[in-house]
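Chemist: Here you go, protein_15.tsv (TSV, C-alpha atoms):
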```tsv
chain	number	residue	atom	x	y	z
A	1	MET	CA	87.07	167.57	56.07
A	2	THR	CA	87.57	163.88	55.32
A	3	ALA	CA	85.38	162.59	58.16
A	4	VAL	CA	82.62	163.67	60.52
A	5	LEU	CA	82.07	162.20	63.97
A	6	PHE	CA	78.62	162.46	65.50
A	7	ASP	CA	77.31	162.10	69.01
A	8	PHE	CA	74.22	159.90	69.32
A	9	SER	CA	71.66	161.12	71.85
A	10	GLY	CA	70.47	164.66	71.29
A	11	THR	CA	72.45	164.89	68.06
A	12	LEU	CA	71.34	162.18	65.61
A	13	PHE	CA	68.52	160.65	67.68
A	14	ARG	CA	66.32	161.69	70.58
A	15	ILE	CA	64.75	159.47	73.23
A	16	GLU	CA	60.98	159.48	73.74
A	17	SER	CA	59.49	161.69	76.45
A	18	THR	CA	59.60	160.53	80.06
A	19	GLU	CA	55.81	160.21	80.09
A	20	SER	CA	55.82	158.04	76.95
A	21	TRP	CA	58.64	155.95	78.44
A	22	LEU	CA	56.65	155.28	81.59
A	23	ARG	CA	53.31	154.72	79.83
A	24	THR	CA	54.78	152.18	77.42
A	25	THR	CA	56.61	150.31	80.17
A	26	LEU	CA	53.49	150.12	82.32
A	27	ALA	CA	51.42	148.90	79.37
A	28	GLU	CA	53.96	146.20	78.50
A	29	ALA	CA	54.02	145.07	82.13
A	30	GLU	CA	50.21	145.18	82.28
A	31	VAL	CA	50.33	147.50	85.28
A	32	SER	CA	47.73	150.24	85.68
A	33	LEU	CA	48.18	153.56	87.43
A	34	PRO	CA	45.51	156.23	87.89
A	35	GLU	CA	46.26	159.10	85.54
A	36	PRO	CA	47.21	161.61	88.26
A	37	GLU	CA	49.66	159.11	89.75
A	38	LEU	CA	51.15	158.33	86.35
A	39	ILE	CA	51.69	162.02	85.62
A	40	ARG	CA	53.24	162.50	89.04
A	41	ALA	CA	55.58	159.55	88.61
A	42	ALA	CA	56.64	160.72	85.15
A	43	ARG	CA	57.38	164.19	86.50
A	44	GLU	CA	59.45	162.80	89.36
A	45	LEU	CA	61.36	160.41	87.06
A	46	ASP	CA	62.19	163.40	84.91
A	47	GLU	CA	63.35	165.42	87.92
A	48	VAL	CA	65.70	162.70	89.13
A	49	GLY	CA	67.10	162.22	85.61
A	50	ALA	CA	66.19	158.53	85.43
A	51	LEU	CA	65.69	158.39	81.65
A	52	PRO	CA	69.00	157.95	79.80
A	53	GLY	CA	69.09	160.49	76.99
A	54	GLY	CA	66.41	162.56	78.72
A	55	SER	CA	66.72	165.41	81.17
A	56	PHE	CA	69.70	165.68	83.48
A	57	PRO	CA	68.85	165.45	87.18
A	58	SER	CA	67.37	168.63	88.59
A	59	ARG	CA	67.30	167.10	92.06
A	60	ARG	CA	70.47	166.47	94.02
A	61	ILE	CA	72.02	163.10	93.16
A	62	PRO	CA	72.17	160.89	96.28
A	63	ASP	CA	75.62	160.59	97.80
A	64	GLU	CA	75.72	156.83	97.23
A	65	LEU	CA	75.22	157.36	93.48
A	66	ALA	CA	77.40	160.44	92.96
A	67	HIS	CA	80.61	158.60	92.05
A	68	VAL	CA	78.82	156.08	89.85
A	69	TRP	CA	77.05	158.92	88.05
A	70	GLU	CA	80.33	160.60	87.15
A	71	ILE	CA	81.73	157.46	85.49
A	72	ARG	CA	78.45	155.86	84.40
A	73	ASP	CA	79.39	155.57	80.74
A	74	LYS	CA	82.59	153.57	81.32
A	75	SER	CA	80.81	150.21	81.52
A	76	ALA	CA	77.42	148.59	81.02
A	77	ALA	CA	77.22	147.74	84.72
A	78	LEU	CA	77.92	151.29	85.84
A	79	HIS	CA	75.40	152.71	83.39
A	80	ARG	CA	72.66	150.40	84.61
A	81	ALA	CA	73.53	151.02	88.26
A	82	ALA	CA	73.44	154.80	87.82
A	83	TYR	CA	70.14	155.03	86.00
A	84	THR	CA	68.22	152.34	87.87
A	85	GLY	CA	69.55	153.90	91.07
A	86	LEU	CA	68.05	157.24	90.07
A	87	SER	CA	64.82	155.58	88.98
A	88	ARG	CA	64.40	153.85	92.33
A	89	GLN	CA	64.11	157.21	94.03
A	90	VAL	CA	60.59	157.32	92.59
A	91	PRO	CA	58.06	154.87	94.10
A	92	LEU	CA	56.35	152.62	91.53
A	93	PRO	CA	53.71	149.88	92.06
A	94	ASP	CA	56.19	147.06	91.42
A	95	PRO	CA	59.96	147.31	92.07
A	96	ALA	CA	60.57	145.26	88.91
A	97	LEU	CA	59.34	148.22	86.88
A	98	HIS	CA	62.64	150.02	87.41
A	99	ASP	CA	64.49	147.31	85.49
A	100	ALA	CA	61.73	147.28	82.88
A	101	LEU	CA	62.13	151.03	82.41
A	102	TYR	CA	65.85	150.62	81.88
A	103	ALA	CA	65.21	147.88	79.31
A	104	ARG	CA	62.66	150.05	77.48
A	105	HIS	CA	65.11	152.91	76.90
A	106	MET	CA	67.37	150.55	74.92
A	107	ALA	CA	64.59	149.54	72.52
A	108	PRO	CA	64.88	151.04	69.02
A	109	ALA	CA	61.22	152.07	69.24
A	110	ALA	CA	62.07	154.39	72.13
A	111	TRP	CA	64.27	156.51	69.82
A	112	ARG	CA	63.50	158.76	66.87
A	113	PRO	CA	66.04	160.17	64.43
A	114	TYR	CA	65.96	163.89	63.90
A	115	PRO	CA	64.17	164.80	60.64
A	116	ASP	CA	67.42	165.59	58.79
A	117	THR	CA	69.58	162.76	60.17
A	118	ALA	CA	69.26	160.39	57.19
A	119	GLU	CA	69.46	163.28	54.73
A	120	VAL	CA	72.71	164.66	56.13
A	121	LEU	CA	74.40	161.30	56.63
A	122	GLY	CA	73.36	160.25	53.13
A	123	ALA	CA	74.79	163.43	51.66
A	124	LEU	CA	78.08	162.86	53.46
A	125	ARG	CA	78.23	159.33	52.05
A	126	GLU	CA	77.65	160.68	48.54
A	127	ARG	CA	80.54	163.13	49.01
A	128	GLY	CA	82.87	160.37	50.17
A	129	VAL	CA	83.10	161.74	53.71
A	130	ALA	CA	83.55	159.03	56.35
A	131	VAL	CA	81.12	158.99	59.28
A	132	GLY	CA	81.67	157.77	62.82
A	133	VAL	CA	79.43	157.73	65.88
A	134	VAL	CA	81.17	158.50	69.18
A	135	SER	CA	78.86	158.10	72.15
A	136	ASN	CA	78.98	158.10	75.92
A	137	ILE	CA	76.69	155.15	76.49
A	138	GLY	CA	76.36	151.91	78.44
A	139	TRP	CA	74.75	149.65	75.82
A	140	ASP	CA	74.97	148.75	72.14
A	141	LEU	CA	73.16	151.40	70.11
A	142	ARG	CA	73.80	149.72	66.74
A	143	PRO	CA	70.32	148.08	66.68
A	144	VAL	CA	68.77	151.56	66.93
A	145	PHE	CA	70.58	152.65	63.77
A	146	ARG	CA	69.73	149.41	61.97
A	147	ASP	CA	66.05	149.53	62.92
A	148	HIS	CA	65.70	153.09	61.63
A	149	GLY	CA	67.66	152.44	58.43
A	150	ILE	CA	70.55	154.73	59.39
A	151	ASP	CA	73.26	152.08	59.85
A	152	PRO	CA	74.36	152.00	56.16
A	153	TYR	CA	75.62	155.58	56.52
A	154	VAL	CA	77.89	154.87	59.51
A	155	ASP	CA	81.43	153.57	59.00
A	156	THR	CA	82.38	153.02	62.64
A	157	TYR	CA	80.88	153.13	66.12
A	158	VAL	CA	83.03	154.07	69.12
A	159	LEU	CA	81.06	153.53	72.31
A	160	SER	CA	82.42	154.52	75.70
A	161	TYR	CA	81.40	151.35	77.53
A	162	GLU	CA	83.26	149.19	74.99
A	163	HIS	CA	86.53	151.01	75.68
A	164	GLY	CA	86.21	152.03	79.34
A	165	ILE	CA	86.74	155.66	78.29
A	166	GLN	CA	84.16	158.42	78.20
A	167	LYS	CA	84.08	161.81	76.55
A	168	PRO	CA	85.62	164.38	76.89
A	169	ASP	CA	88.69	162.11	77.10
A	170	PRO	CA	90.48	162.71	73.76
A	171	ARG	CA	91.40	159.04	73.56
A	172	LEU	CA	87.84	158.11	72.59
A	173	PHE	CA	87.92	160.48	69.62
A	174	ALA	CA	91.38	159.23	68.69
A	175	ILE	CA	90.04	155.66	68.52
A	176	ALA	CA	87.38	156.83	66.07
A	177	CYS	CA	89.90	158.69	63.90
A	178	ASP	CA	92.16	155.64	63.83
A	179	ALA	CA	89.24	153.39	62.89
A	180	LEU	CA	88.43	155.68	59.97
A	181	GLY	CA	92.09	156.13	59.01
A	182	VAL	CA	91.90	159.91	59.11
A	183	ASP	CA	93.97	162.72	60.59
A	184	PRO	CA	92.07	164.37	63.49
A	185	ARG	CA	92.85	167.77	61.96
A	186	ASP	CA	90.65	166.76	59.00
A	187	VAL	CA	87.74	165.72	61.20
A	188	LEU	CA	84.63	167.55	62.41
A	189	MET	CA	82.98	166.45	65.66
A	190	VAL	CA	79.24	167.21	65.92
A	191	GLY	CA	77.48	166.99	69.26
A	192	ASP	CA	75.14	168.64	71.73
A	193	SER	CA	77.48	168.83	74.75
A	194	ARG	CA	80.16	171.49	74.87
A	195	HIS	CA	81.81	169.65	77.73
A	196	ALA	CA	81.75	166.08	76.41
A	197	ASP	CA	81.91	166.59	72.65
A	198	GLY	CA	84.21	169.58	72.96
A	199	GLY	CA	86.94	167.18	74.05
A	200	ALA	CA	87.63	166.43	70.38
A	201	ALA	CA	89.23	169.86	70.04
A	202	ALA	CA	92.21	168.63	72.06
A	203	LEU	CA	93.13	166.44	69.08
A	204	GLY	CA	92.78	169.28	66.61
A	205	CYS	CA	89.32	168.30	65.39
A	206	GLY	CA	86.84	170.96	64.41
A	207	VAL	CA	83.79	170.99	66.66
A	208	HIS	CA	80.22	171.98	65.88
A	209	PHE	CA	77.35	171.98	68.38
A	210	VAL	CA	73.64	171.38	67.91
A	211	ASP	CA	70.80	172.01	70.34
A	212	HIS	CA	69.48	169.02	72.34
A	213	LEU	CA	65.81	169.59	71.54
A	214	PRO	CA	62.78	167.36	70.96
A	215	VAL	CA	62.61	165.95	67.43
A	216	THR	CA	59.64	168.14	66.53
A	217	GLU	CA	61.50	171.30	67.55
A	218	ARG	CA	64.69	170.73	65.54
A	219	PRO	CA	63.85	169.95	61.92
A	220	ASP	CA	67.11	171.00	60.30
A	221	GLY	CA	69.75	171.40	62.99
A	222	LEU	CA	72.22	169.07	61.25
A	223	ARG	CA	72.14	170.65	57.80
A	224	PRO	CA	74.81	173.26	58.57
A	225	VAL	CA	77.25	170.35	58.85
A	226	LEU	CA	77.16	169.97	55.08
A	227	ASP	CA	78.30	173.58	54.61
A	228	LEU	CA	81.06	173.15	57.20
A	229	VAL	CA	82.40	170.05	55.48
A	230	GLY	CA	82.43	171.77	52.09
```
Please rewrite the model in this file as structure tokens.

Modeler:
Amino acid sequence: MTAVLFDFSGTLFRIESTESWLRTTLAEAEVSLPEPELIRAARELDEVGALPGGSFPSRRIPDELAHVWEIRDKSAALHRAAYTGLSRQVPLPDPALHDALYARHMAPAAWRPYPDTAEVLGALRERGVAVGVVSNIGWDLRPVFRDHGIDPYVDTYVLSYEHGIQKPDPRLFAIACDALGVDPRDVLMVGDSRHADGGAAALGCGVHFVDHLPVTERPDGLRPVLDLVG
């Protein structure tokens, strides 16, 4: 393999818990909620899938959001509309909190790299293997990588909202391969979604999946990549 492409959320980084997301946003807005109400709101936000990078909706998506949800990663506006739309299904003390929650999830502090992320990306750099990040996302994740010291290991970022294309469309992976100057048949795609990340196989890329788990529950899920690359 001459290059490895990685998904972002659930692969290299993981978003904070829904409860932490809500607590931090409330604290920054100087809004207080009784503990039982806070726990209830966090549970309901989780159920509706309001936290990008968190749980997928377990409740039915409202009809007025269904189409936006399907194409949410094609633009920044669609991404914001989808997730704030889901969030607004849950009553909060101040309607402005829904926008504040969306802003919080883009903060580098809301994300943690998996324990072996820097180790694996650093090892790939030492071996001369190019690294790209290919993400379905509606905002610029580069500051997250810079803040956590991971950016020096990444050669290119291909973000769905910047191209109007979302995985599993093979064109997004092709853009990454072109940016790295590599043949897709010499590339490994690593991600947590068999549907989205599996789209790279259409180009002839190898594909390897990791489990989308909390950071504390997946200490070494990326290390097998080093054996696969050889």

Chemist: Write out as a ChimeraX atom specification the residues lying within 12 Å of A:Ala202, counting all atoms listed in the file and excluding same-chain residues fewer than 6 positions away.

Modeler: /A:167-174,184-185,189,195-196

Chemist: Tell me which protein, DNA and RNA residues are within 12 Å of A:Glu119, counting only C-alpha atoms, leaving out same-chain ones fewer than 3 positions away, and put them as a list in words.

Modeler: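 Residues meeting the cut-off are Leu12, Pro113, Tyr114, Pro115, Asp116, Gly122, Ala123, Leu124, Arg125, Glu126, Gly149, Ile150, Tyr153, Pro219, Asp220, Gly221, Leu222, Arg223, Pro224, Val225 and Leu226 of chain A.
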
Chemist: When you count only C-alpha atoms, which of these residues is closest to A:Val154: A:Ile137, A:Ala201, A:Val187, A:Leu180?

Modeler: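 Residue with the minimum atom-to-atom distance to A:Val154: A:Leu180.
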
Chemist: Calculated over only C-alpha atoms, which of the candidates A:Tyr83, A:Trp111, A:Tyr161, A:Phe209 has the smallest distance to A:Ile15?

Modeler: A:Trp111

Chemist: Within 6 Å of stretch 190-192 of chain A, counting all atoms listed in the file, which residues qualify if same-chain residues fewer than 3 places away don't, as a PDB file with C-alpha atoms, in the frame of the given file?

Modeler:
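Here's the written file result.pdb:
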```pdb
ATOM      1  CA  PHE A   6      78.620 162.460  65.500  1.00  0.00           C
ATOM      2  CA  ASP A   7      77.310 162.100  69.010  1.00  0.00           C
ATOM      3  CA  THR A  11      72.450 164.890  68.060  1.00  0.00           C
ATOM      4  CA  ASP A 197      81.910 166.590  72.650  1.00  0.00           C
ATOM      5  CA  VAL A 207      83.790 170.990  66.660  1.00  0.00           C
ATOM      6  CA  HIS A 208      80.220 171.980  65.880  1.00  0.00           C
ATOM      7  CA  PHE A 209      77.350 171.980  68.380  1.00  0.00           C
ATOM      8  CA  VAL A 210      73.640 171.380  67.910  1.00  0.00           C
ATOM      9  CA  ASP A 211      70.800 172.010  70.340  1.00  0.00           C
ATOM     10  CA  HIS A 212      69.480 169.020  72.340  1.00  0.00           C
TER      11      HIS A 212
END
```

Chemist: Find the distance between atom CA of A:His79 and atom CA of A:Gly138 and write it in Å to one decimal.

Modeler: 5.1 Å

Chemist: Restricting the calculation to all atoms listed in the file, which member of A:Leu45, A:Ala130, A:Arg72, A:Gly53 is positioned closest to A:Ser87?

Modeler: A:Leu45

Chemist: Complete the atom set of stretch 169-186 of chain A to N, CA, C and O atoms and return it as a PDB file, keeping the file's coordinate frame.

Modeler:
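Below is the file result26.pdb, written as the result:
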```pdb
ATOM      1  N   ASP A 169      87.347 162.659  77.237  1.00  0.00           N
ATOM      2  CA  ASP A 169      88.690 162.110  77.100  1.00  0.00           C
ATOM      3  C   ASP A 169      89.049 162.029  75.615  1.00  0.00           C
ATOM      4  O   ASP A 169      88.366 161.334  74.843  1.00  0.00           O
ATOM      5  N   PRO A 170      90.121 162.695  75.184  1.00  0.00           N
ATOM      6  CA  PRO A 170      90.480 162.710  73.760  1.00  0.00           C
ATOM      7  C   PRO A 170      90.756 161.331  73.197  1.00  0.00           C
ATOM      8  O   PRO A 170      90.674 161.114  71.979  1.00  0.00           O
ATOM      9  N   ARG A 171      91.079 160.382  74.052  1.00  0.00           N
ATOM     10  CA  ARG A 171      91.400 159.040  73.560  1.00  0.00           C
ATOM     11  C   ARG A 171      90.221 158.395  72.832  1.00  0.00           C
ATOM     12  O   ARG A 171      90.417 157.612  71.894  1.00  0.00           O
ATOM     13  N   LEU A 172      89.006 158.706  73.242  1.00  0.00           N
ATOM     14  CA  LEU A 172      87.840 158.110  72.590  1.00  0.00           C
ATOM     15  C   LEU A 172      87.719 158.628  71.152  1.00  0.00           C
ATOM     16  O   LEU A 172      87.424 157.860  70.227  1.00  0.00           O
ATOM     17  N   PHE A 173      87.953 159.913  70.970  1.00  0.00           N
ATOM     18  CA  PHE A 173      87.920 160.480  69.620  1.00  0.00           C
ATOM     19  C   PHE A 173      89.076 159.953  68.772  1.00  0.00           C
ATOM     20  O   PHE A 173      88.931 159.726  67.571  1.00  0.00           O
ATOM     21  N   ALA A 174      90.221 159.757  69.405  1.00  0.00           N
ATOM     22  CA  ALA A 174      91.380 159.230  68.690  1.00  0.00           C
ATOM     23  C   ALA A 174      91.109 157.820  68.174  1.00  0.00           C
ATOM     24  O   ALA A 174      91.524 157.461  67.057  1.00  0.00           O
ATOM     25  N   ILE A 175      90.406 157.011  68.957  1.00  0.00           N
ATOM     26  CA  ILE A 175      90.040 155.660  68.520  1.00  0.00           C
ATOM     27  C   ILE A 175      89.186 155.739  67.263  1.00  0.00           C
ATOM     28  O   ILE A 175      89.373 154.964  66.307  1.00  0.00           O
ATOM     29  N   ALA A 176      88.256 156.673  67.240  1.00  0.00           N
ATOM     30  CA  ALA A 176      87.380 156.830  66.070  1.00  0.00           C
ATOM     31  C   ALA A 176      88.181 157.268  64.845  1.00  0.00           C
ATOM     32  O   ALA A 176      87.977 156.751  63.737  1.00  0.00           O
ATOM     33  N   CYS A 177      89.081 158.217  65.030  1.00  0.00           N
ATOM     34  CA  CYS A 177      89.900 158.690  63.900  1.00  0.00           C
ATOM     35  C   CYS A 177      90.763 157.561  63.365  1.00  0.00           C
ATOM     36  O   CYS A 177      90.907 157.394  62.138  1.00  0.00           O
ATOM     37  N   ASP A 178      91.337 156.773  64.258  1.00  0.00           N
ATOM     38  CA  ASP A 178      92.160 155.640  63.830  1.00  0.00           C
ATOM     39  C   ASP A 178      91.322 154.618  63.069  1.00  0.00           C
ATOM     40  O   ASP A 178      91.768 154.053  62.056  1.00  0.00           O
ATOM     41  N   ALA A 179      90.105 154.371  63.542  1.00  0.00           N
ATOM     42  CA  ALA A 179      89.240 153.390  62.890  1.00  0.00           C
ATOM     43  C   ALA A 179      88.878 153.835  61.464  1.00  0.00           C
ATOM     44  O   ALA A 179      88.709 152.999  60.568  1.00  0.00           O
ATOM     45  N   LEU A 180      88.768 155.145  61.283  1.00  0.00           N
ATOM     46  CA  LEU A 180      88.430 155.680  59.970  1.00  0.00           C
ATOM     47  C   LEU A 180      89.664 155.943  59.111  1.00  0.00           C
ATOM     48  O   LEU A 180      89.551 156.237  57.916  1.00  0.00           O
ATOM     49  N   GLY A 181      90.847 155.873  59.730  1.00  0.00           N
ATOM     50  CA  GLY A 181      92.090 156.130  59.010  1.00  0.00           C
ATOM     51  C   GLY A 181      92.243 157.568  58.584  1.00  0.00           C
ATOM     52  O   GLY A 181      92.726 157.851  57.476  1.00  0.00           O
ATOM     53  N   VAL A 182      91.849 158.493  59.456  1.00  0.00           N
ATOM     54  CA  VAL A 182      91.900 159.910  59.110  1.00  0.00           C
ATOM     55  C   VAL A 182      92.712 160.690  60.143  1.00  0.00           C
ATOM     56  O   VAL A 182      92.840 160.284  61.301  1.00  0.00           O
ATOM     57  N   ASP A 183      93.251 161.806  59.711  1.00  0.00           N
ATOM     58  CA  ASP A 183      93.970 162.720  60.590  1.00  0.00           C
ATOM     59  C   ASP A 183      92.937 163.536  61.371  1.00  0.00           C
ATOM     60  O   ASP A 183      92.011 164.102  60.765  1.00  0.00           O
ATOM     61  N   PRO A 184      93.049 163.606  62.696  1.00  0.00           N
ATOM     62  CA  PRO A 184      92.070 164.370  63.490  1.00  0.00           C
ATOM     63  C   PRO A 184      91.905 165.807  63.010  1.00  0.00           C
ATOM     64  O   PRO A 184      90.821 166.388  63.167  1.00  0.00           O
ATOM     65  N   ARG A 185      92.948 166.380  62.432  1.00  0.00           N
ATOM     66  CA  ARG A 185      92.850 167.770  61.960  1.00  0.00           C
ATOM     67  C   ARG A 185      91.945 167.896  60.743  1.00  0.00           C
ATOM     68  O   ARG A 185      91.569 169.009  60.368  1.00  0.00           O
ATOM     69  N   ASP A 186      91.564 166.767  60.148  1.00  0.00           N
ATOM     70  CA  ASP A 186      90.650 166.760  59.000  1.00  0.00           C
ATOM     71  C   ASP A 186      89.271 166.244  59.383  1.00  0.00           C
ATOM     72  O   ASP A 186      88.505 165.805  58.524  1.00  0.00           O
TER      73      ASP A 186
END
```
